[in-house]
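Q: This structure is in structure tokens; I'll ask about it shortly.
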Amino acid sequence: MTDVNKDVNKDVTIPIEGMTCAACSRAVERALERTDGVSKVSVNLATNKANIEYDPVKVTVSNLNAAITKAGYKPVIIDSKQMDGPIEGEQENKGLWNKFIVSAIFAAPLFYISMGHMIGLPIPKFIDPTNHAMSFGLVQFLLTIPIIIAGYEFYTVGFSTLLRGSPNMDSLVAIGTSSALLYSIYALFMIGEGHDEYAMQLYFESGGVIIALILLGKTLEEGAKGKTSEAIKKLMSLTPDEAIVVGEDGKEHIIPVAEVQVGDIIRVRPGERIPVDGTVIGGHTTIDESMLTGESIPVDKGAGDNVVGGSINKTGTITFRTSKVGSDTVLAQIIKMVEDAQGSKAPIARMADIISGYFVPAVVLIAILSAIGWAIAGESVGFILKVFISILVIACPCALGLATPTAIMVGTGRGAENGILIKSGDALETAHKIDAIILDKTGTITVGEPELKSIITFGNIDENELLKNIASAERFSEHPLGQAIVAEANERGLELYDAESFEAVPGHGIKVIIEDKQILAGNDKLMQIYDIDISNAQEDMKRLSEMGETPMYAAIGDDLVGIIAVADVIKPSSRKAIELLKNAGIKTMMLTGDNRATAKAIAAQVGIGESDVLAEVLPQDKADNVKSLQGEGYKVAMVGDGINDAPALAQADVGIAISSGTDIAMESADIVLMGNDLVDVYTAIELSKKTIVNIKQNLFWAFAYNTLGIPIAAGLLYIFGGPLLNPMIAAAAMALSSVSVVSNALRLRGFKPKYS
């Protein structure tokens, strides 16, 4: 596989037809990996898609399609704008169901005719094997033909991949059933030569019923696999088909959502879904964003607030200007993230793939050696055929190939439904190993927007008058602390004064003239410049600082009149989330660029010990802190929301971004929390643990099934006086194993967050 520069690489997802087992997906992977210019390949059996990273200078998509075709499989050429996935799966399942119906219609009488007379069931006289051996054989042959036609892909794909040196499940079925059918045709020829005893050596029913049973298994399997993509289906159904666009003349026009352009004015009435992303310019409402955040409480929206396509407008009519349409919307990006995650492979899956690559050739060898062994032992051709076919059929590694991708599909889908976007199978697997978490303070543990927390007055001025004066002074300031003071004054309904002059004193505060009075707001150095006595306020300043608040002095004229303190508010869920993480045995740390006193105060409020506080950390040094913990042997998760968190998110074993943060942070992260709730970090880890347990269960049963099934099919029980495995029972058991693995994965759909 060529080492190419990732910066110039492209990604493409190619649906593939004809893959039936882990050996198939492994064969496609090998073919693509050998293609010059391909740097990374992940072929997912559950979605029947290949995710390929390639250098467009060295290889084209046509070359990739050619490599897949050469491996014996069919790449599906689709429109780049088409949102495939669930629809494609439904069509495939319908086709399989029709094939099974055809095979079942002919397999039922075939089985009855071939086996009924053995247990005394009546059959028509003209096909009685004792007196009409040729008719008995010909009817079975004719009934078998439609079944073979219905299952023709087992032969076209099976023998094709066998000849290319990459045998798969279809190869096993094709070899086994062809052996039965060819010998039966030979027996039919011998009956024609007058050897009626060959009527008891016809095995048309083995081949025909096996095909029908495997088609039933594949139909049930595809149906179950379809359920694993329920999350994608739900997300895709959220966007309405049409939107109401308000023209420049004020008239409403209903147009398809696909035709909405950035900058259009959209009107949405109560009960309707928001069609695309945008910013409210008129009206007020509450919007249900639970499909994005997992949070059931509707959110108030007014002018200036952002709305997201797919969410539900609950109470009022609003108009908004579109900002993102089509594949750029948040919902489209979420669908892409979930699809990419479902298409990717966790490291645990690669073990199964590698084993499957050797498994099928080994099974063919075991079947041949067993047949030779029983032939040497003097057993009949019929006995040897039963052993040969049973081994090939029961050993099909379908369940092995489905064990991991189905669990990942359901796990990532369930996460999306709860507002947790897991961007890869690797992240889903790694998350359960996390034993250390670094939490950024601002915007992660805290809301990220300062609020006024404390007002202390000196002298005769009351609290509201002090706030009114300082807010009047700060209303011209762009500093976040000043804006928090103004917001509180507005909240209290205070009517602010007009300032006559405004002067910012860099690094110290502000000086404002209001009604001929000098008003100062700032730090101790500002007070010293204007000879304001602050001696009686030192203790209060120290106490507020230790509480994690940022205090400033307030002076009117020559007198200190009070202290106003602002603080970044802790999110309501932060303490609970940190408690859950620590109880789970995860080392939980806080990282911030703030001074140590403020950092310690915030950490104490949320239950993080002083020794686990990383304060006064420069943005460029955040990744080094992650690396340091990794050097101590920890599996580290970093949780952040800012641009300066991006390197640390990328460095961590699992980067977790808060979606209220920047796009860069979300791009750098492996997991995105749409609900901005730290408890979702714990939920993501719990979901990872549940998914890994499910994968291990699937792999155990898949391996155990094949390990136990092969010796039984080879006649181990028969040697000790037990029964010989019938090939038809082997086919039913093989189909059941795949369905059981997918059904076990579907249990993850019942996952519910313990805390929300």
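Naming scheme: A, B, ... for chains in displayed order of the structure tokens; residues 1 onward per chain; ligands 1 onward as shown.
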Within 9 Å of A:Ile656, counting only C-alpha atoms, which residues show up once you throw out same-chain ones fewer than 5 positions away? Write them as a PyMOL selection string, please.
A: chain A and resi 637-641+649+665-666+668-673+681
Q: What is the atom CA of A:Ser135 to atom CA of A:Leu121 distance in Å?
A: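 It comes out at 17.7 Å.
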Q: With only C-alpha atoms as the atoms that count, which of A:Ala371, A:Val257, A:Ile513, A:Val364 lies nearest to A:Lys386?
A: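 Result for the nearest residue to A:Lys386: A:Ala371.
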Q: Just how far from atom CA of A:Asp249 is atom CA of A:Thr322, in Å to one decimal?
A: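 Between atom CA of A:Thr322 and atom CA of A:Asp249 the gap works out to 17.8 Å.
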Q: Considering only C-alpha atoms, state which residue in the set A:Asp11, A:Glu379, A:Asp531, A:Glu17 is at the smallest distance from A:Asp55.
A: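 Among the listed residues, the smallest separation from A:Asp55 belongs to A:Asp11.
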Q: Run DSSP on the backbone and tell me which residues of stretch 247-328 of chain A come out as helix (DSSP H, G or I); list them as a PyMOL selection string.
A: chain A and resi 257-259+290-293+326-328
Q: Keeping only N, CA and C atoms, write those residues as a PDB file, in the first residue's frame.
A:
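Output contents, as saved in result-v3.pdb:
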```
ATOM      1  N   VAL A 257     -36.967  21.895  -0.896  1.00  0.00           N
ATOM      2  CA  VAL A 257     -35.839  22.253  -0.025  1.00  0.00           C
ATOM      3  C   VAL A 257     -34.527  22.256  -0.801  1.00  0.00           C
ATOM      4  N   ALA A 258     -34.417  21.361  -1.786  1.00  0.00           N
ATOM      5  CA  ALA A 258     -33.179  21.274  -2.573  1.00  0.00           C
ATOM      6  C   ALA A 258     -32.893  22.559  -3.340  1.00  0.00           C
ATOM      7  N   GLU A 259     -33.928  23.399  -3.547  1.00  0.00           N
ATOM      8  CA  GLU A 259     -33.742  24.627  -4.311  1.00  0.00           C
ATOM      9  C   GLU A 259     -33.495  25.850  -3.434  1.00  0.00           C
ATOM     10  N   SER A 290     -34.260  18.161  20.093  1.00  0.00           N
ATOM     11  CA  SER A 290     -33.876  16.890  20.713  1.00  0.00           C
ATOM     12  C   SER A 290     -33.198  15.947  19.731  1.00  0.00           C
ATOM     13  N   MET A 291     -33.542  16.053  18.440  1.00  0.00           N
ATOM     14  CA  MET A 291     -32.904  15.162  17.464  1.00  0.00           C
ATOM     15  C   MET A 291     -31.409  15.459  17.321  1.00  0.00           C
ATOM     16  N   LEU A 292     -30.994  16.662  17.707  1.00  0.00           N
ATOM     17  CA  LEU A 292     -29.578  17.026  17.635  1.00  0.00           C
ATOM     18  C   LEU A 292     -28.869  16.809  18.956  1.00  0.00           C
ATOM     19  N   THR A 293     -29.550  17.217  20.029  1.00  0.00           N
ATOM     20  CA  THR A 293     -28.874  17.290  21.326  1.00  0.00           C
ATOM     21  C   THR A 293     -29.248  16.172  22.278  1.00  0.00           C
ATOM     22  N   GLY A 326     -28.230  22.207   1.912  1.00  0.00           N
ATOM     23  CA  GLY A 326     -27.694  20.971   1.330  1.00  0.00           C
ATOM     24  C   GLY A 326     -26.754  20.234   2.253  1.00  0.00           C
ATOM     25  N   SER A 327     -25.618  19.837   1.709  1.00  0.00           N
ATOM     26  CA  SER A 327     -24.660  19.033   2.469  1.00  0.00           C
ATOM     27  C   SER A 327     -23.907  19.829   3.526  1.00  0.00           C
ATOM     28  N   ASP A 328     -24.082  21.159   3.546  1.00  0.00           N
ATOM     29  CA  ASP A 328     -23.390  21.992   4.531  1.00  0.00           C
ATOM     30  C   ASP A 328     -24.158  22.123   5.841  1.00  0.00           C
TER      31      ASP A 328
END
```
Q: Do you know which residues are at most 12 Å from A:Ala375 counting only C-alpha atoms, after dropping those on the same chain fewer than 6 positions away, and could you put them as a PyMOL selection string?
A: chain A and resi 368-369+381-385+387-388
Q: Restricting it to all heavy atoms, dump the selection as an mmCIF file, in the first residue's frame.
A:
```cif
data_model
loop_
_atom_site.group_PDB
_atom_site.id
_atom_site.type_symbol
_atom_site.label_atom_id
_atom_site.label_comp_id
_atom_site.auth_asym_id
_atom_site.auth_seq_id
_atom_site.Cartn_x
_atom_site.Cartn_y
_atom_site.Cartn_z
ATOM 1 N N ILE A 368 -11.906 -31.518 1.774
ATOM 2 C CA ILE A 368 -11.290 -32.474 0.840
ATOM 3 C C ILE A 368 -10.617 -33.616 1.606
ATOM 4 O O ILE A 368 -10.788 -34.802 1.276
ATOM 5 C CB ILE A 368 -10.274 -31.756 -0.070
ATOM 6 C CG1 ILE A 368 -11.012 -30.793 -1.016
ATOM 7 C CG2 ILE A 368 -9.451 -32.766 -0.865
ATOM 8 C CD1 ILE A 368 -10.082 -29.878 -1.796
ATOM 9 N N LEU A 369 -9.849 -33.264 2.656
ATOM 10 C CA LEU A 369 -9.149 -34.294 3.439
ATOM 11 C C LEU A 369 -10.134 -35.225 4.135
ATOM 12 O O LEU A 369 -9.903 -36.445 4.218
ATOM 13 C CB LEU A 369 -8.228 -33.629 4.471
ATOM 14 C CG LEU A 369 -7.020 -32.870 3.905
ATOM 15 C CD1 LEU A 369 -6.253 -32.169 5.016
ATOM 16 C CD2 LEU A 369 -6.097 -33.835 3.150
ATOM 17 N N VAL A 381 -20.392 -43.246 -1.570
ATOM 18 C CA VAL A 381 -20.304 -41.920 -2.185
ATOM 19 C C VAL A 381 -21.282 -40.959 -1.523
ATOM 20 O O VAL A 381 -20.969 -39.788 -1.273
ATOM 21 C CB VAL A 381 -20.584 -42.011 -3.700
ATOM 22 C CG1 VAL A 381 -20.674 -40.609 -4.320
ATOM 23 C CG2 VAL A 381 -19.510 -42.817 -4.404
ATOM 24 N N GLY A 382 -22.494 -41.442 -1.215
ATOM 25 C CA GLY A 382 -23.494 -40.597 -0.567
ATOM 26 C C GLY A 382 -23.019 -40.099 0.785
ATOM 27 O O GLY A 382 -23.196 -38.917 1.127
ATOM 28 N N PHE A 383 -22.399 -40.961 1.563
ATOM 29 C CA PHE A 383 -21.871 -40.589 2.885
ATOM 30 C C PHE A 383 -20.781 -39.527 2.743
ATOM 31 O O PHE A 383 -20.782 -38.509 3.440
ATOM 32 C CB PHE A 383 -21.308 -41.836 3.570
ATOM 33 C CG PHE A 383 -20.800 -41.599 4.966
ATOM 34 C CD1 PHE A 383 -21.585 -41.895 6.065
ATOM 35 C CD2 PHE A 383 -19.523 -41.080 5.184
ATOM 36 C CE1 PHE A 383 -21.120 -41.687 7.356
ATOM 37 C CE2 PHE A 383 -19.049 -40.852 6.465
ATOM 38 C CZ PHE A 383 -19.855 -41.164 7.563
ATOM 39 N N ILE A 384 -19.875 -39.777 1.789
ATOM 40 C CA ILE A 384 -18.752 -38.850 1.581
ATOM 41 C C ILE A 384 -19.267 -37.480 1.131
ATOM 42 O O ILE A 384 -18.784 -36.439 1.582
ATOM 43 C CB ILE A 384 -17.767 -39.434 0.537
ATOM 44 C CG1 ILE A 384 -17.113 -40.702 1.106
ATOM 45 C CG2 ILE A 384 -16.708 -38.399 0.155
ATOM 46 C CD1 ILE A 384 -16.352 -41.511 0.076
ATOM 47 N N LEU A 385 -20.280 -37.484 0.245
ATOM 48 C CA LEU A 385 -20.863 -36.224 -0.214
ATOM 49 C C LEU A 385 -21.483 -35.439 0.936
ATOM 50 O O LEU A 385 -21.344 -34.222 1.032
ATOM 51 C CB LEU A 385 -21.936 -36.494 -1.268
ATOM 52 C CG LEU A 385 -21.519 -36.384 -2.733
ATOM 53 C CD1 LEU A 385 -22.702 -36.695 -3.634
ATOM 54 C CD2 LEU A 385 -20.951 -35.015 -3.050
ATOM 55 N N VAL A 387 -20.668 -35.501 4.108
ATOM 56 C CA VAL A 387 -19.591 -34.933 4.926
ATOM 57 C C VAL A 387 -18.988 -33.721 4.229
ATOM 58 O O VAL A 387 -18.821 -32.642 4.831
ATOM 59 C CB VAL A 387 -18.494 -35.994 5.197
ATOM 60 C CG1 VAL A 387 -17.261 -35.350 5.834
ATOM 61 C CG2 VAL A 387 -19.036 -37.091 6.103
ATOM 62 N N PHE A 388 -18.675 -33.890 2.944
ATOM 63 C CA PHE A 388 -18.035 -32.827 2.169
ATOM 64 C C PHE A 388 -18.904 -31.559 2.136
ATOM 65 O O PHE A 388 -18.445 -30.451 2.429
ATOM 66 C CB PHE A 388 -17.779 -33.344 0.741
ATOM 67 C CG PHE A 388 -17.045 -32.376 -0.143
ATOM 68 C CD1 PHE A 388 -15.701 -32.088 0.076
ATOM 69 C CD2 PHE A 388 -17.697 -31.763 -1.213
ATOM 70 C CE1 PHE A 388 -15.021 -31.200 -0.754
ATOM 71 C CE2 PHE A 388 -17.024 -30.876 -2.037
ATOM 72 C CZ PHE A 388 -15.686 -30.602 -1.806
#
```
